[in-house]
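Below is one structure, written out as structure tokens; comments come after it.
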Amino acid sequence: MIAYVKGALAFVYDRSIIVDVSGVGYLVNVSPATVSRLPAKGSDVQIFTYFQSGENGQALHGFLTQEEVRLFTLLISVSGIGPKVASAILGAMSPQQIILAIVAEDAVALSKAPGVGKKTAQRVTLELKDKIKSATGDESDNAGISALAVGASIAGASSGAKQDAMDALLALGYGRTEAVQTVLEVADDEMPADAIIKLALKKLVRAGGA
């Protein structure tokens with residue numbers, strides 16, 4: 001299996017690139033979002049990859065972080081989700097946003113990705129939420145941050161005062177992902193629900209006025 005390719009960025013297209021590794025050009029499929037984050041043509045680049053092999057041939061799918069590769073692998077494990085849809089989700093949302101949406105069962109957020117309908121988004125949350133909640137976060141990317149660890153920490157907030165605060169924000173009309181993320185950002189473990197709600201609303205109002 002090819003874990004990554006490292007070399008000169010020789011060619012850049014809308015949905016693929018060619019990386020020159022010691023005179024051998026590797027064609028790697030990437031999302032438009034990944035293309036927008038690439039260095040200038042001719043620069044050295046390291047692309048983490050997922051090697052796909054099947055009836056329709058072989059292909060390399062590339063990402064700028066290991067975190068994205070892990071999420072891509074999780075997404076294509078969902079029935080009916082292929083590389084194209086998985087790449088669309090990763091191209092539309094950050095790894096942390098995807099994890100938040102899955103654990104919060106926010107199919108609406110996931111369905112905003114191009115080509116992802118509501119039923120597909122619901123299937124993603126249904127099949128992956130338990131996998132993410134049970135993650136230990138032992139794996140990490142180069143920055144020492146694991147999307148799966150984020151999911152595990154979110155799962156730990158699903159009871160008590162934090163859950164009450166999330167429910168209150170939902171009742172006030174905030175989105176599920178927005179409510180979960182805000183509560184996790186402002187809450188301490190021993191903080192009562194009313195204090196969490198107060199801080200969360202203050203943060204949301206500030207964000208809305210920015």
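Just remember, in the structure tokens the first chain shown is A, the second B, etc., residues are 1-based per chain, and ligands are 1-based in the order shown.
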Can you build me a table of range 8-44 of chain A residues sitting at most 12 Å from range 82-100 of chain A, with the closest atom pair per residue and its distance in Å to one decimal, using only C-alpha atoms, sorted by chain and residue number, as a tab-separated table?
```
residue	atom	partner	partner_atom	distance
A:Arg15	CA	A:Ser87	CA	10.1
A:Ser16	CA	A:Ser87	CA	11.9
A:Asn29	CA	A:Ser87	CA	9.4
A:Val30	CA	A:Ser87	CA	7.6
A:Ser31	CA	A:Gly91	CA	5.8
A:Pro32	CA	A:Gly91	CA	6.8
A:Ala33	CA	A:Gly91	CA	5.0
A:Thr34	CA	A:Gly91	CA	7.0
A:Val35	CA	A:Gly91	CA	9.8
A:Ser36	CA	A:Gly91	CA	10.2
A:Arg37	CA	A:Gly91	CA	10.9
```
Quick one: write out the picked residues with N, CA and C atoms as a CSV table (one decimal), in the first residue's frame?
```csv
chain,number,residue,atom,x,y,z
A,15,ARG,N,-9.2,18.2,-10.4
A,15,ARG,CA,-9.4,17.2,-9.5
A,15,ARG,C,-8.3,16.1,-9.4
A,16,SER,N,-7.1,16.5,-9.8
A,16,SER,CA,-6.0,15.6,-9.8
A,16,SER,C,-4.7,16.3,-9.9
A,29,ASN,N,-5.7,11.5,-7.3
A,29,ASN,CA,-7.0,12.2,-7.3
A,29,ASN,C,-7.1,13.1,-6.0
A,30,VAL,N,-7.5,14.3,-6.2
A,30,VAL,CA,-7.7,15.2,-5.0
A,30,VAL,C,-8.9,16.0,-5.2
A,31,SER,N,-9.4,16.6,-4.1
A,31,SER,CA,-10.6,17.4,-4.2
A,31,SER,C,-10.2,18.9,-4.6
A,32,PRO,N,-11.1,19.7,-5.1
A,32,PRO,CA,-10.8,21.1,-5.4
A,32,PRO,C,-10.4,21.8,-4.2
A,33,ALA,N,-10.9,21.4,-3.0
A,33,ALA,CA,-10.5,22.1,-1.8
A,33,ALA,C,-9.0,21.8,-1.5
A,34,THR,N,-8.6,20.6,-1.8
A,34,THR,CA,-7.1,20.2,-1.6
A,34,THR,C,-6.3,21.0,-2.6
A,35,VAL,N,-6.8,21.1,-3.8
A,35,VAL,CA,-6.0,21.9,-4.8
A,35,VAL,C,-5.8,23.3,-4.4
A,36,SER,N,-6.8,23.9,-3.8
A,36,SER,CA,-6.7,25.3,-3.3
A,36,SER,C,-5.6,25.5,-2.2
A,37,ARG,N,-5.3,24.4,-1.5
A,37,ARG,CA,-4.3,24.5,-0.4
A,37,ARG,C,-2.9,24.0,-0.8
```
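By only C-alpha atoms, and with residues fewer than 6 positions from Ile102 in chain A along its chain excluded, the set lying at most 7 Å from it is Thr125, Leu128 and Lys129 of chain A.
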Requested in this report: Go through A:Phe11, A:Thr177, A:Ala168, A:Ser22 and flag the residue nearest Val103 in chain A, using only C-alpha atoms for the distances.
Outcome: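 Looking at the shortest contact to Val103 in chain A, the residue is A:Thr177.
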Query raised in the report: Pick the closest to Leu199 in chain A from A:Asp106, A:Glu178, A:Glu68, A:Ala165: which is it, counting only C-alpha atoms?
Result: A:Ala165
Requested in this report: For Thr120 in chain A, list every protein, DNA or RNA residue within 10 Å, evaluated using only C-alpha atoms, and leave out those in the same chain fewer than 5 positions away; present the list as a ChimeraX atom specification.
Outcome: /A:78-81,85,107,110-111,115,125-126
For range 57-62 of chain A, work out the shell of residues within 6 Å, counting only C-alpha atoms and skipping chain neighbours fewer than 5 positions away, then give it as a PDB file with C-alpha atoms, in the first residue's frame.
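Once written, around38.pdb looks like this:
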```
ATOM      1  CA  VAL A  28      -3.261  11.403  -7.497  1.00  0.00           C
ATOM      2  CA  ASN A  29      -6.963  12.232  -7.307  1.00  0.00           C
ATOM      3  CA  VAL A  30      -7.664  15.214  -5.039  1.00  0.00           C
ATOM      4  CA  ILE A  47       0.585  13.921  -0.213  1.00  0.00           C
ATOM      5  CA  PHE A  48      -0.891  11.252   2.050  1.00  0.00           C
ATOM      6  CA  THR A  49      -2.741   8.685  -0.005  1.00  0.00           C
ATOM      7  CA  TYR A  50      -5.394   5.990  -0.032  1.00  0.00           C
ATOM      8  CA  PHE A  51      -4.811   3.285  -2.650  1.00  0.00           C
ATOM      9  CA  GLN A  52      -8.036   2.084  -4.262  1.00  0.00           C
TER      10      GLN A  52
END
```
Requested in this report: Find, counting only C-alpha atoms, the residue in A:Ser77, A:Ser53, A:Gln163, A:Ser43 that gets nearest to Glu127 in chain A.
Outcome: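 Using only C-alpha atoms, Glu127 in chain A sits closest to A:Ser77.
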Query raised in the report: What residues in range 73-140 of chain A get the DSSP label alpha helix (DSSP H)? Please answer as a ChimeraX atom specification.
Result: /A:73-76,83-92,95-103,107-110,118-133
Output file for the residues above (C-alpha atoms, as a PDB file, in the first residue's frame):
```
ATOM      1  CA  THR A  73     -11.340   5.535   4.984  1.00  0.00           C
ATOM      2  CA  LEU A  74     -14.171   5.747   7.518  1.00  0.00           C
ATOM      3  CA  LEU A  75     -16.510   7.460   5.068  1.00  0.00           C
ATOM      4  CA  ILE A  76     -16.050   4.910   2.277  1.00  0.00           C
ATOM      5  CA  PRO A  83     -14.529   7.824  -3.082  1.00  0.00           C
ATOM      6  CA  LYS A  84     -16.305  10.601  -5.006  1.00  0.00           C
ATOM      7  CA  VAL A  85     -18.848  11.282  -2.246  1.00  0.00           C
ATOM      8  CA  ALA A  86     -16.260  10.894   0.517  1.00  0.00           C
ATOM      9  CA  SER A  87     -14.006  13.411  -1.226  1.00  0.00           C
ATOM     10  CA  ALA A  88     -16.928  15.798  -1.633  1.00  0.00           C
ATOM     11  CA  ILE A  89     -17.596  15.722   2.118  1.00  0.00           C
ATOM     12  CA  LEU A  90     -13.930  16.251   2.946  1.00  0.00           C
ATOM     13  CA  GLY A  91     -13.759  19.046   0.399  1.00  0.00           C
ATOM     14  CA  ALA A  92     -16.727  20.867   1.942  1.00  0.00           C
ATOM     15  CA  PRO A  95     -12.182  16.962   9.695  1.00  0.00           C
ATOM     16  CA  GLN A  96     -13.339  18.486  12.999  1.00  0.00           C
ATOM     17  CA  GLN A  97     -16.590  19.726  11.426  1.00  0.00           C
ATOM     18  CA  ILE A  98     -17.278  16.277   9.958  1.00  0.00           C
ATOM     19  CA  ILE A  99     -16.675  14.588  13.306  1.00  0.00           C
ATOM     20  CA  LEU A 100     -18.938  17.091  15.072  1.00  0.00           C
ATOM     21  CA  ALA A 101     -21.691  16.555  12.517  1.00  0.00           C
ATOM     22  CA  ILE A 102     -21.496  12.756  12.764  1.00  0.00           C
ATOM     23  CA  VAL A 103     -21.479  12.589  16.563  1.00  0.00           C
ATOM     24  CA  ALA A 107     -27.367  15.151   8.707  1.00  0.00           C
ATOM     25  CA  VAL A 108     -28.273  18.669   7.567  1.00  0.00           C
ATOM     26  CA  ALA A 109     -24.661  19.842   7.928  1.00  0.00           C
ATOM     27  CA  LEU A 110     -23.307  16.828   6.009  1.00  0.00           C
ATOM     28  CA  LYS A 118     -30.219  13.909   3.138  1.00  0.00           C
ATOM     29  CA  LYS A 119     -30.612  10.121   3.085  1.00  0.00           C
ATOM     30  CA  THR A 120     -26.917   9.646   2.348  1.00  0.00           C
ATOM     31  CA  ALA A 121     -25.985  12.035   5.159  1.00  0.00           C
ATOM     32  CA  GLN A 122     -28.275  10.186   7.576  1.00  0.00           C
ATOM     33  CA  ARG A 123     -26.639   6.897   6.621  1.00  0.00           C
ATOM     34  CA  VAL A 124     -23.199   8.375   7.361  1.00  0.00           C
ATOM     35  CA  THR A 125     -24.216   9.495  10.857  1.00  0.00           C
ATOM     36  CA  LEU A 126     -26.004   6.213  11.581  1.00  0.00           C
ATOM     37  CA  GLU A 127     -23.112   3.952  10.571  1.00  0.00           C
ATOM     38  CA  LEU A 128     -20.200   6.029  11.888  1.00  0.00           C
ATOM     39  CA  LYS A 129     -21.335   7.654  15.133  1.00  0.00           C
ATOM     40  CA  ASP A 130     -20.626   4.581  17.272  1.00  0.00           C
ATOM     41  CA  LYS A 131     -17.242   4.008  15.607  1.00  0.00           C
ATOM     42  CA  ILE A 132     -16.187   7.561  16.394  1.00  0.00           C
ATOM     43  CA  LYS A 133     -17.590   7.570  19.925  1.00  0.00           C
TER      44      LYS A 133
END
```
Requested in this report: Calculate how many Å separate CA of Arg70 in chain A from CA of Asp14 in chain A, rounding to one decimal.
Outcome: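 For CA of Arg70 in chain A relative to CA of Asp14 in chain A, the distance reads 23.0 Å.
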Report task. Quote the spacing between CA of Lys112 in chain A and CA of Glu67 in chain A in Å to one decimal place. Result ->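 If I compute the distance from CA of Lys112 in chain A to CA of Glu67 in chain A, I get 21.0 Å.
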Query - Shell of 12 Å around Asp188 in chain A, only C-alpha atoms, local chain residues under 4 positions omitted, as a PyMOL selection string - result: chain A and resi 157+161-162+183-184+192-193+195-197+199-200
With C-alpha atoms kept, could you save the residues just selected as a PDB file, in the first residue's frame?
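Contents of the output file selection24.pdb:
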```pdb
ATOM      1  CA  ALA A 157     -20.077  15.423  26.712  1.00  0.00           C
ATOM      2  CA  ALA A 161     -24.976  19.562  32.404  1.00  0.00           C
ATOM      3  CA  LYS A 162     -23.341  19.720  28.973  1.00  0.00           C
ATOM      4  CA  VAL A 183     -20.785  23.940  24.533  1.00  0.00           C
ATOM      5  CA  LEU A 184     -17.511  22.030  24.244  1.00  0.00           C
ATOM      6  CA  PRO A 192     -23.715  23.777  35.948  1.00  0.00           C
ATOM      7  CA  ALA A 193     -26.007  23.844  32.939  1.00  0.00           C
ATOM      8  CA  ALA A 195     -23.694  28.770  33.493  1.00  0.00           C
ATOM      9  CA  ILE A 196     -22.803  26.821  30.338  1.00  0.00           C
ATOM     10  CA  ILE A 197     -25.888  28.133  28.554  1.00  0.00           C
ATOM     11  CA  LEU A 199     -21.490  31.473  28.239  1.00  0.00           C
ATOM     12  CA  ALA A 200     -22.562  29.621  25.100  1.00  0.00           C
TER      13      ALA A 200
END
```
Query - One-decimal distance in Å that lies between CA of Val12 in chain A and CA of Lys41 in chain A - result: 7.2 Å
Requested in this report: Using only C-alpha atoms, determine which residues lie at most 7 Å from Val21 in chain A, disregarding the query and same-chain residues fewer than 4 positions distant; provide the list as a PyMOL selection string.
Outcome: chain A and resi 6-8+25
Please produce a file of those selected residues containing all heavy atoms, as an mmCIF file, in the first residue's frame.
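Result file again.cif:
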```
data_model
loop_
_atom_site.group_PDB
_atom_site.id
_atom_site.type_symbol
_atom_site.label_atom_id
_atom_site.label_comp_id
_atom_site.auth_asym_id
_atom_site.auth_seq_id
_atom_site.Cartn_x
_atom_site.Cartn_y
_atom_site.Cartn_z
ATOM 1 N N LYS A 6 5.995 11.754 -2.091
ATOM 2 C CA LYS A 6 6.709 12.987 -1.761
ATOM 3 C C LYS A 6 7.639 13.339 -2.914
ATOM 4 O O LYS A 6 8.470 12.530 -3.313
ATOM 5 C CB LYS A 6 7.495 12.811 -0.462
ATOM 6 C CG LYS A 6 8.154 14.081 0.053
ATOM 7 C CD LYS A 6 8.806 13.821 1.398
ATOM 8 C CE LYS A 6 9.414 15.093 1.971
ATOM 9 N NZ LYS A 6 10.046 14.838 3.306
ATOM 10 N N GLY A 7 7.457 14.527 -3.446
ATOM 11 C CA GLY A 7 8.284 14.949 -4.569
ATOM 12 C C GLY A 7 7.866 16.314 -5.062
ATOM 13 O O GLY A 7 7.227 17.087 -4.341
ATOM 14 N N ALA A 8 8.186 16.613 -6.319
ATOM 15 C CA ALA A 8 7.861 17.911 -6.900
ATOM 16 C C ALA A 8 6.447 17.890 -7.473
ATOM 17 O O ALA A 8 6.027 16.918 -8.103
ATOM 18 C CB ALA A 8 8.851 18.262 -7.995
ATOM 19 N N GLY A 25 6.134 9.930 -12.383
ATOM 20 C CA GLY A 25 4.982 10.767 -12.095
ATOM 21 C C GLY A 25 3.820 9.970 -11.540
ATOM 22 O O GLY A 25 3.345 9.025 -12.173
#
```
Report task. List every residue of range 8-143 of chain A that DSSP, applied to the backbone of this structure, places in strand (DSSP E or B), and write the result as a PyMOL selection string. Result -> chain A and resi 8-12+16-21+24-29+44-54+57-63
